[in-house]
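Q: Following this message is one structure expressed as structure tokens.
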Amino acid sequence: MIKRFLSLEWKQYFRSPYWQRSIGLKIFMGFLGLYFMSIFLFLGFFLFKIIHKIFPDQDPFVVVSGFLFYWVLGDLMIRFFLQKLPVMTVKPLLTLPIKRSQIVNYVLGKSAVSFFNFLPLFAIIPFGIVLIFKEGYDPATTIFWALTLIIITLINNFLNFIIESLTAKTELSFLPLIAGTGILFALNYFNIISFSNLISKGVIGIANNPILIGIPILILIVLYIYNFKILKNELYTDGSVQTKTKEAKTTDLSWTKRFGDIAPFMQLDLKLMMRNKRAKSTFFILIIGLLYGLFFYPQPMYRDVVFLYALIGIFSTGTFLINFGQFIPAWDSSYYKLLMSQNFKYEQYLKSKFTLMAISVILLFVLGIPYIYFGWKVLITHFAAAIYNIGVNTHVIMYGGSFNRKKINLDERAAFNFQGTGAVQWLIGIPLMLIPMLFFGAINYFLNFETAIGVLIGLGLIGVVFHQKIMKIITKKYVASKYKMIEAFSQDN
Amino acid sequence: MIQTKGLNKKYGGVTVLNLENLEIPRGQSFGLVGNNGAGKTTFFNLLLDLIKPTTGKIATNNIQVNLSEDWKSFTGSFIDESFLIGYLTAEEYFYFVGDLRGQNKADIDAFLVQFEEIFNDEIIGKKKYLRDLSKGNQKKAGIVGALIGNPEVIILDEPFANLDPTTQIRLKQIIKDLTKNRDVTVLISSHDLMHVTEVSDRIVVLEKGEIIKDLVTSEATLKELEEHFTA
């Protein structure tokens, strides 16, 4: 049966219509994976020496065990954002003579062979080898220690899915987790309850007393069974349907009427953002974008790197622009056919998106005025960046959108969700952020600050002046890709 | 009203639709039948400029659909669920379509009254998003959406499938009323021969993209169609 499941997934993967197109992203992910593997390998082999250098009077074995608590917390966080329970298209299988438990066991089993569980092995095994063969530690102790770590990895694996399924129904699902880990971290940090000590002692205790390894194994089994129960419950077709039905909230958006013929689309876009998980997260990213400058400006080390102002300015006034803009028109992909057969001009549709983005830039700039605290130069640069965003970046990102060929499923959350992302979305970041930064940095370096500001504002104003003309060109591009987009958006990838 | 000239659509060298010369006069109630893959939906998609013809032309009201968008103002259509905006309530959807067709809220509210019976208290005022409605109710909303703004051409792909009996009967009446004055051209496709003969003045049978029968509906039509599909 497992063989059949595997062959089904193999086919699903390779027969997905856009497999070839997203191959760039896959290669990128592959490299990322290799990068992490080599880092872990390096750590595994040299960690002993490194720790020996930093803490010469402590046993590296104990030091590493002491750090396990942070590793567990970090691992959980990373998993929460990056790892998803492997999904199978189970619906067609439910009515076939396959036991439900078989499907569940398969899905859970498959999650155990995820990359996230293999990665630690690249550090644990070489570290163990170094311990045994170079440093002369007791082989049995080391092996049981390594085994315990592997079991902890698996515990994290299944714990993560439980956390995910418990928080999946709420909007800001990552908040309780961040709060939870924060509290654990604080309790540990202020020595109220020293978890790092507890875990360290536990792991070393198991290494010395192999029978105790039964305890983590037992925890693992309990977690597995709990996961099994959750999943089995969700294997009913109405289970997922029931949770979905929320009472519709109607909002009065009649104020958009003042925007004239683009009002219907603005209302639609606003509703899109308020009522869909994926789009809603765009709102929350705004907060991060707005506060982005606080990561840099308070540090004296960045205070005088003037060209960074431009980057931060572009980013913090353009957060919405970038996050919303890069998925035009994929936001509307699920009903694109309707739009294409309705009575309106394409330009109106694009204009509504432009207006939304421009308003967001102004709003974010105004909200960012307190940045003046870090000096007038910062605020002026942000102002210039805002003008540049409105005049240039809005157009650039909308032009890039005409290359969009990926459907977006509006119900999935956004963080690290690469659905709808193609190479274009990565490439578009270059003209969007790097070019203004380079312009600004170079002119500031060779001429002076005032000219650099002037050039950014000038470029932005040129874009504003030629707005109508540029929109005509962009519209043409969209109309030309119309059939391709319709075809691509009607494929489920 | 609708004219095709040498219209041909190929996918990877295989012809899926070939309509040398099809003319649908204004006010006709036009039915399209044919087994799966006969080219019915392809024809509607071409008519709505959602796919590009390989060769040939298709025009409504003398407007070639892939050259000008002016046909959109008088064409209402519902092909499948991708014509619905899932995160809107049914009312909001109707208002949105109405907005694009120059109908204000009051117009739409007045327009919706006649469908009360069809909606059966399940679609309007239920505070439910379209994505949470059942398939049948979604279809009702889509069909009603296609009728908004007094379109002169109405295109419905398999409107009777998935509908409850009450709505089927009402829909047939609506189509008959629409074409009574010979103003509105209605194009429907259906697998239900009985329904389609009841509402259409003319029935065209497609097979592998070609017209193989073009009938003016009469007493004998249903029998003829049944015999055709039995053979």
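Simple scheme: letters A, B, ... for chains in structure tokens order, numbers from 1 for residues in each chain, numbers from 1 for ligands in the order shown.
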Among region 270-357 of chain A, which ones does DSSP place in helix (DSSP H, G or I), written as an mmCIF file with C-alpha atoms, in the first residue's frame?
A:
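As written to disk, part_39.cif reads:
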data_model
loop_
_atom_site.group_PDB
_atom_site.id
_atom_site.type_symbol
_atom_site.label_atom_id
_atom_site.label_comp_id
_atom_site.auth_asym_id
_atom_site.auth_seq_id
_atom_site.Cartn_x
_atom_site.Cartn_y
_atom_site.Cartn_z
ATOM 1 C CA LEU A 270 -10.357 45.676 0.411
ATOM 2 C CA LYS A 271 -12.752 42.794 0.964
ATOM 3 C CA LEU A 272 -10.196 40.461 -0.528
ATOM 4 C CA MET A 273 -7.715 41.535 2.087
ATOM 5 C CA MET A 274 -10.095 41.464 4.993
ATOM 6 C CA ARG A 275 -11.678 38.106 4.290
ATOM 7 C CA LYS A 277 -6.190 34.324 5.244
ATOM 8 C CA ARG A 278 -3.443 34.745 2.744
ATOM 9 C CA ALA A 279 -4.277 38.339 1.941
ATOM 10 C CA LYS A 280 -4.976 39.216 5.551
ATOM 11 C CA SER A 281 -1.429 38.403 6.510
ATOM 12 C CA THR A 282 -0.372 41.192 4.162
ATOM 13 C CA PHE A 283 -1.837 43.566 6.731
ATOM 14 C CA PHE A 284 0.235 42.125 9.536
ATOM 15 C CA ILE A 285 3.418 42.302 7.526
ATOM 16 C CA LEU A 286 2.744 46.042 7.443
ATOM 17 C CA ILE A 287 3.576 46.290 11.121
ATOM 18 C CA ILE A 288 6.893 44.541 10.598
ATOM 19 C CA GLY A 289 7.668 46.780 7.640
ATOM 20 C CA LEU A 290 6.820 49.916 9.540
ATOM 21 C CA LEU A 291 9.068 48.975 12.441
ATOM 22 C CA TYR A 292 11.833 47.742 10.149
ATOM 23 C CA GLY A 293 13.875 50.874 10.721
ATOM 24 C CA LEU A 294 14.040 50.186 14.454
ATOM 25 C CA PHE A 295 16.297 47.209 13.737
ATOM 26 C CA PRO A 300 25.353 53.503 16.107
ATOM 27 C CA MET A 301 27.042 51.152 13.683
ATOM 28 C CA TYR A 302 24.360 51.805 11.042
ATOM 29 C CA ARG A 303 23.617 55.388 12.003
ATOM 30 C CA VAL A 306 23.474 56.871 4.758
ATOM 31 C CA PHE A 307 22.734 54.660 1.780
ATOM 32 C CA LEU A 308 20.930 52.265 4.117
ATOM 33 C CA TYR A 309 18.384 55.017 4.791
ATOM 34 C CA ALA A 310 17.194 54.664 1.220
ATOM 35 C CA LEU A 311 16.762 50.906 1.517
ATOM 36 C CA ILE A 312 14.903 51.189 4.802
ATOM 37 C CA GLY A 313 12.853 54.054 3.428
ATOM 38 C CA ILE A 314 11.843 52.092 0.329
ATOM 39 C CA PHE A 315 11.056 49.057 2.392
ATOM 40 C CA SER A 316 9.151 50.618 5.245
ATOM 41 C CA THR A 317 7.005 52.892 3.073
ATOM 42 C CA GLY A 318 6.635 50.166 0.458
ATOM 43 C CA THR A 319 5.872 47.075 2.531
ATOM 44 C CA PHE A 320 2.318 46.898 1.333
ATOM 45 C CA LEU A 321 3.315 47.809 -2.193
ATOM 46 C CA ILE A 322 5.752 44.925 -2.352
ATOM 47 C CA ASN A 323 3.639 42.317 -0.609
ATOM 48 C CA PHE A 324 0.424 43.155 -2.358
ATOM 49 C CA GLY A 325 1.863 44.260 -5.658
ATOM 50 C CA ALA A 330 -2.846 36.457 -8.988
ATOM 51 C CA TRP A 331 -4.974 37.673 -6.086
ATOM 52 C CA ASP A 332 -7.910 37.525 -8.444
ATOM 53 C CA SER A 333 -6.816 34.284 -10.046
ATOM 54 C CA SER A 334 -9.696 32.167 -8.768
ATOM 55 C CA TYR A 335 -12.295 34.306 -10.538
ATOM 56 C CA TYR A 336 -10.193 35.715 -13.325
ATOM 57 C CA LYS A 337 -12.553 34.408 -15.997
ATOM 58 C CA LEU A 338 -15.392 36.408 -14.495
ATOM 59 C CA LEU A 339 -13.369 39.599 -14.532
ATOM 60 C CA MET A 340 -12.323 38.992 -18.103
ATOM 61 C CA SER A 341 -15.892 38.668 -19.301
ATOM 62 C CA TYR A 346 -8.618 46.617 -17.915
ATOM 63 C CA GLU A 347 -7.122 49.958 -17.087
ATOM 64 C CA GLN A 348 -9.742 50.595 -14.379
ATOM 65 C CA TYR A 349 -8.842 47.338 -12.751
ATOM 66 C CA LEU A 350 -5.127 48.140 -12.698
ATOM 67 C CA LYS A 351 -5.768 51.694 -11.643
ATOM 68 C CA SER A 352 -7.564 50.516 -8.546
ATOM 69 C CA LYS A 353 -4.518 48.479 -7.578
ATOM 70 C CA PHE A 354 -2.280 51.448 -8.251
ATOM 71 C CA THR A 355 -4.414 53.746 -6.119
ATOM 72 C CA LEU A 356 -4.412 51.295 -3.222
ATOM 73 C CA MET A 357 -0.642 50.959 -3.358
#
Q: List the neighbours of Ile397 (chain A) out to 10 Å using only C-alpha atoms; skip same-chain residues closer than 3 positions along the sequence, and give me the result as an MDAnalysis selection string.
A: chainID A and resid 321:322 324:328 354 392:394 400:402 425 428:429 431:432
Q: Which polymer residues have any atom within 9 Å of an atom of Val97 (chain B), counting only C-alpha atoms, with same-chain residues fewer than 5 positions away left out, as a tab-separated table (two decimals) with C-alpha atoms, in the first residue's frame?
A:
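Output contents, as saved in around.tsv:
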chain	number	residue	atom	x	y	z
A	264	PRO	CA	-16.02	48.67	-7.31
A	342	GLN	CA	-17.29	41.56	-17.30
A	343	ASN	CA	-18.02	44.99	-18.54
B	92	GLU	CA	-22.17	41.78	-2.56
B	102	GLY	CA	-24.32	50.49	-14.41
B	103	GLN	CA	-26.92	49.28	-11.94
B	145	GLY	CA	-25.50	37.20	-11.76
B	146	ALA	CA	-25.40	36.57	-15.51
B	148	ILE	CA	-27.98	41.40	-14.22
B	149	GLY	CA	-28.10	44.61	-16.23
Q: Of the candidates A:Pro329, A:Tyr189, A:Tyr373, A:Leu461, which shows the shortest atom-to-atom distance to Ser481 (chain A), using only C-alpha atoms?
A: A:Pro329
Q: If you count only C-alpha atoms, which residues fall within 8 Å of Asn21 (chain B), apart from same-chain ones fewer than 6 positions away, as a VMD selection string?
A: chain B and resid 3 to 7
Q: Between A:Asp304, A:Glu234, A:Asp261, A:Glu135, which is the closest to chain B once you count only C-alpha atoms?
A: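 For chain B, the nearest of the given residues is A:Asp261.
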Q: Might you pull out every residue within 12 Å of Ser68 (chain B), with only C-alpha atoms counted and same-chain residues fewer than 4 positions away left off, and present them as a ChimeraX atom specification?
A: /A:343-345,479 /B:48-49,58-64,72-73
Q: Using C-alpha atoms, can you export the residues from the last selection as a compact mmCIF listing (two decimals), in the first residue's frame?
A:
# COMPACT_ATOMS: atom_id res chain seq x y z
CA ASN A 343 -18.02 44.99 -18.54
CA PHE A 344 -15.04 47.12 -17.59
CA LYS A 345 -11.78 48.33 -19.00
CA VAL A 479 -4.09 42.40 -22.32
CA LEU B 48 -16.34 35.28 -24.33
CA ASP B 49 -12.78 35.78 -25.57
CA ILE B 58 -16.27 35.24 -34.02
CA ALA B 59 -18.38 38.35 -33.63
CA THR B 60 -21.35 39.46 -31.57
CA ASN B 61 -23.38 42.34 -32.86
CA ASN B 62 -20.70 42.85 -35.52
CA ILE B 63 -18.03 43.31 -32.86
CA GLN B 64 -15.18 40.86 -33.25
CA LYS B 72 -18.94 43.00 -22.70
CA SER B 73 -21.51 45.69 -21.93
Q: Could you pull out all residues of region 127-186 of chain B with a DSSP call of strand (DSSP E or B) and give them as an mmCIF file with C-alpha atoms, in the first residue's frame?
A:
data_model
loop_
_atom_site.group_PDB
_atom_site.id
_atom_site.type_symbol
_atom_site.label_atom_id
_atom_site.label_comp_id
_atom_site.auth_asym_id
_atom_site.auth_seq_id
_atom_site.Cartn_x
_atom_site.Cartn_y
_atom_site.Cartn_z
ATOM 1 C CA TYR B 129 -19.851 33.855 1.684
ATOM 2 C CA VAL B 153 -26.756 38.078 -25.039
ATOM 3 C CA ILE B 154 -26.861 35.515 -22.247
ATOM 4 C CA ILE B 155 -24.522 32.541 -22.217
ATOM 5 C CA LEU B 156 -25.093 29.705 -19.765
ATOM 6 C CA ASP B 157 -23.052 26.521 -19.800
ATOM 7 C CA THR B 185 -30.384 36.052 -27.430
ATOM 8 C CA VAL B 186 -29.908 33.136 -25.064
#
Q: Which residues of chain B are close to chain A, meaning at most 7 Å apart when you count only C-alpha atoms, and how do they look as a PyMOL selection string?
A: chain B and resi 48+50-52+72-73+82-85+87+96+99-101+127-129+132
Q: Got time to write the residues from that selection, N, CA and C atoms, as a PDB file, in the first residue's frame?
A:
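And here is the file that came out, result.pdb:
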ATOM      1  N   LEU B  48     -16.627  34.335 -25.419  1.00  0.00           N
ATOM      2  CA  LEU B  48     -16.338  35.279 -24.332  1.00  0.00           C
ATOM      3  C   LEU B  48     -14.891  35.753 -24.364  1.00  0.00           C
ATOM      4  N   LEU B  50     -12.217  34.152 -23.875  1.00  0.00           N
ATOM      5  CA  LEU B  50     -11.386  33.611 -22.793  1.00  0.00           C
ATOM      6  C   LEU B  50     -10.284  32.734 -23.352  1.00  0.00           C
ATOM      7  N   ILE B  51     -10.486  32.230 -24.577  1.00  0.00           N
ATOM      8  CA  ILE B  51      -9.408  31.547 -25.288  1.00  0.00           C
ATOM      9  C   ILE B  51      -9.342  32.136 -26.697  1.00  0.00           C
ATOM     10  N   LYS B  52      -8.198  31.933 -27.320  1.00  0.00           N
ATOM     11  CA  LYS B  52      -7.983  32.543 -28.623  1.00  0.00           C
ATOM     12  C   LYS B  52      -8.299  31.541 -29.727  1.00  0.00           C
ATOM     13  N   LYS B  72     -18.768  43.364 -24.113  1.00  0.00           N
ATOM     14  CA  LYS B  72     -18.935  43.003 -22.702  1.00  0.00           C
ATOM     15  C   LYS B  72     -20.125  43.721 -22.068  1.00  0.00           C
ATOM     16  N   SER B  73     -20.442  44.914 -22.568  1.00  0.00           N
ATOM     17  CA  SER B  73     -21.507  45.685 -21.930  1.00  0.00           C
ATOM     18  C   SER B  73     -22.883  45.056 -22.142  1.00  0.00           C
ATOM     19  N   SER B  82     -15.688  29.351 -11.439  1.00  0.00           N
ATOM     20  CA  SER B  82     -14.629  30.364 -11.461  1.00  0.00           C
ATOM     21  C   SER B  82     -15.198  31.721 -11.868  1.00  0.00           C
ATOM     22  N   PHE B  83     -16.514  31.783 -12.082  1.00  0.00           N
ATOM     23  CA  PHE B  83     -17.145  33.074 -12.322  1.00  0.00           C
ATOM     24  C   PHE B  83     -17.657  33.688 -11.022  1.00  0.00           C
ATOM     25  N   LEU B  84     -17.459  32.976  -9.917  1.00  0.00           N
ATOM     26  CA  LEU B  84     -17.932  33.495  -8.638  1.00  0.00           C
ATOM     27  C   LEU B  84     -16.747  33.998  -7.828  1.00  0.00           C
ATOM     28  N   ILE B  85     -16.986  35.030  -7.031  1.00  0.00           N
ATOM     29  CA  ILE B  85     -15.929  35.534  -6.153  1.00  0.00           C
ATOM     30  C   ILE B  85     -16.217  34.998  -4.765  1.00  0.00           C
ATOM     31  N   TYR B  87     -15.161  35.070  -1.751  1.00  0.00           N
ATOM     32  CA  TYR B  87     -15.159  35.753  -0.461  1.00  0.00           C
ATOM     33  C   TYR B  87     -16.185  36.875  -0.383  1.00  0.00           C
ATOM     34  N   PHE B  96     -21.632  44.010  -6.986  1.00  0.00           N
ATOM     35  CA  PHE B  96     -20.375  44.210  -7.728  1.00  0.00           C
ATOM     36  C   PHE B  96     -20.614  44.123  -9.230  1.00  0.00           C
ATOM     37  N   ASP B  99     -22.574  47.080 -10.339  1.00  0.00           N
ATOM     38  CA  ASP B  99     -21.721  48.257 -10.457  1.00  0.00           C
ATOM     39  C   ASP B  99     -21.063  48.318 -11.826  1.00  0.00           C
ATOM     40  N   LEU B 100     -20.566  47.156 -12.272  1.00  0.00           N
ATOM     41  CA  LEU B 100     -19.869  47.122 -13.546  1.00  0.00           C
ATOM     42  C   LEU B 100     -20.843  47.272 -14.707  1.00  0.00           C
ATOM     43  N   ARG B 101     -22.129  47.008 -14.445  1.00  0.00           N
ATOM     44  CA  ARG B 101     -23.112  47.093 -15.520  1.00  0.00           C
ATOM     45  C   ARG B 101     -24.029  48.289 -15.340  1.00  0.00           C
ATOM     46  N   LYS B 127     -25.844  35.926   5.408  1.00  0.00           N
ATOM     47  CA  LYS B 127     -24.507  36.195   5.943  1.00  0.00           C
ATOM     48  C   LYS B 127     -23.536  35.059   5.658  1.00  0.00           C
ATOM     49  N   LYS B 128     -23.614  34.571   4.458  1.00  0.00           N
ATOM     50  CA  LYS B 128     -22.705  33.480   4.086  1.00  0.00           C
ATOM     51  C   LYS B 128     -21.928  33.904   2.858  1.00  0.00           C
ATOM     52  N   TYR B 129     -20.633  33.581   2.874  1.00  0.00           N
ATOM     53  CA  TYR B 129     -19.851  33.855   1.684  1.00  0.00           C
ATOM     54  C   TYR B 129     -20.188  32.838   0.604  1.00  0.00           C
ATOM     55  N   ASP B 132     -18.947  29.348   0.819  1.00  0.00           N
ATOM     56  CA  ASP B 132     -19.522  28.437   1.803  1.00  0.00           C
ATOM     57  C   ASP B 132     -20.896  27.911   1.400  1.00  0.00           C
TER      58      ASP B 132
END
Q: Excluding Lys172 (chain B) and its own-chain neighbours fewer than 2 positions away, which residues fall within 8 Å of it when counting only C-alpha atoms? Please give them as an NGL selection string.
A: :B and (168-170 or 174-176 or 195 or 198-199)
Q: Rounded to one decimal place, report the CA of Ala452 (chain A)-CA of Met437 (chain A) distance in Å.
A: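 If I compute the distance from CA of Ala452 (chain A) to CA of Met437 (chain A), I get 10.1 Å.
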Q: Which one is closest to Ile203 (chain B): B:Gln28, B:Ser134, B:Thr166, B:Thr217? Count only C-alpha atoms.
A: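 Between B:Gln28, B:Ser134, B:Thr166, B:Thr217, the residue approaching Ile203 (chain B) most closely is B:Thr217.
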Q: So which one's closest to Asn104 (chain B), A:Tyr388, A:Leu212, A:Lys257, A:Ile221? Using only C-alpha atoms, please.
A: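 Answer, going by the shortest atom-to-atom distance: A:Lys257.
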Q: With distances taken over only C-alpha atoms, which residue among A:Ile199, A:Ile162, A:Leu456, A:Ile125 lies nearest Leu147 (chain A)?
A: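 Among A:Ile199, A:Ile162, A:Leu456, A:Ile125, it is A:Ile125 that comes nearest to Leu147 (chain A).
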Q: Report the distance between CA of Lys472 (chain A) and CA of Lys407 (chain A) in Å, rounded to one decimal place.
A: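 Between CA of Lys472 (chain A) and CA of Lys407 (chain A) the gap is 24.8 Å.
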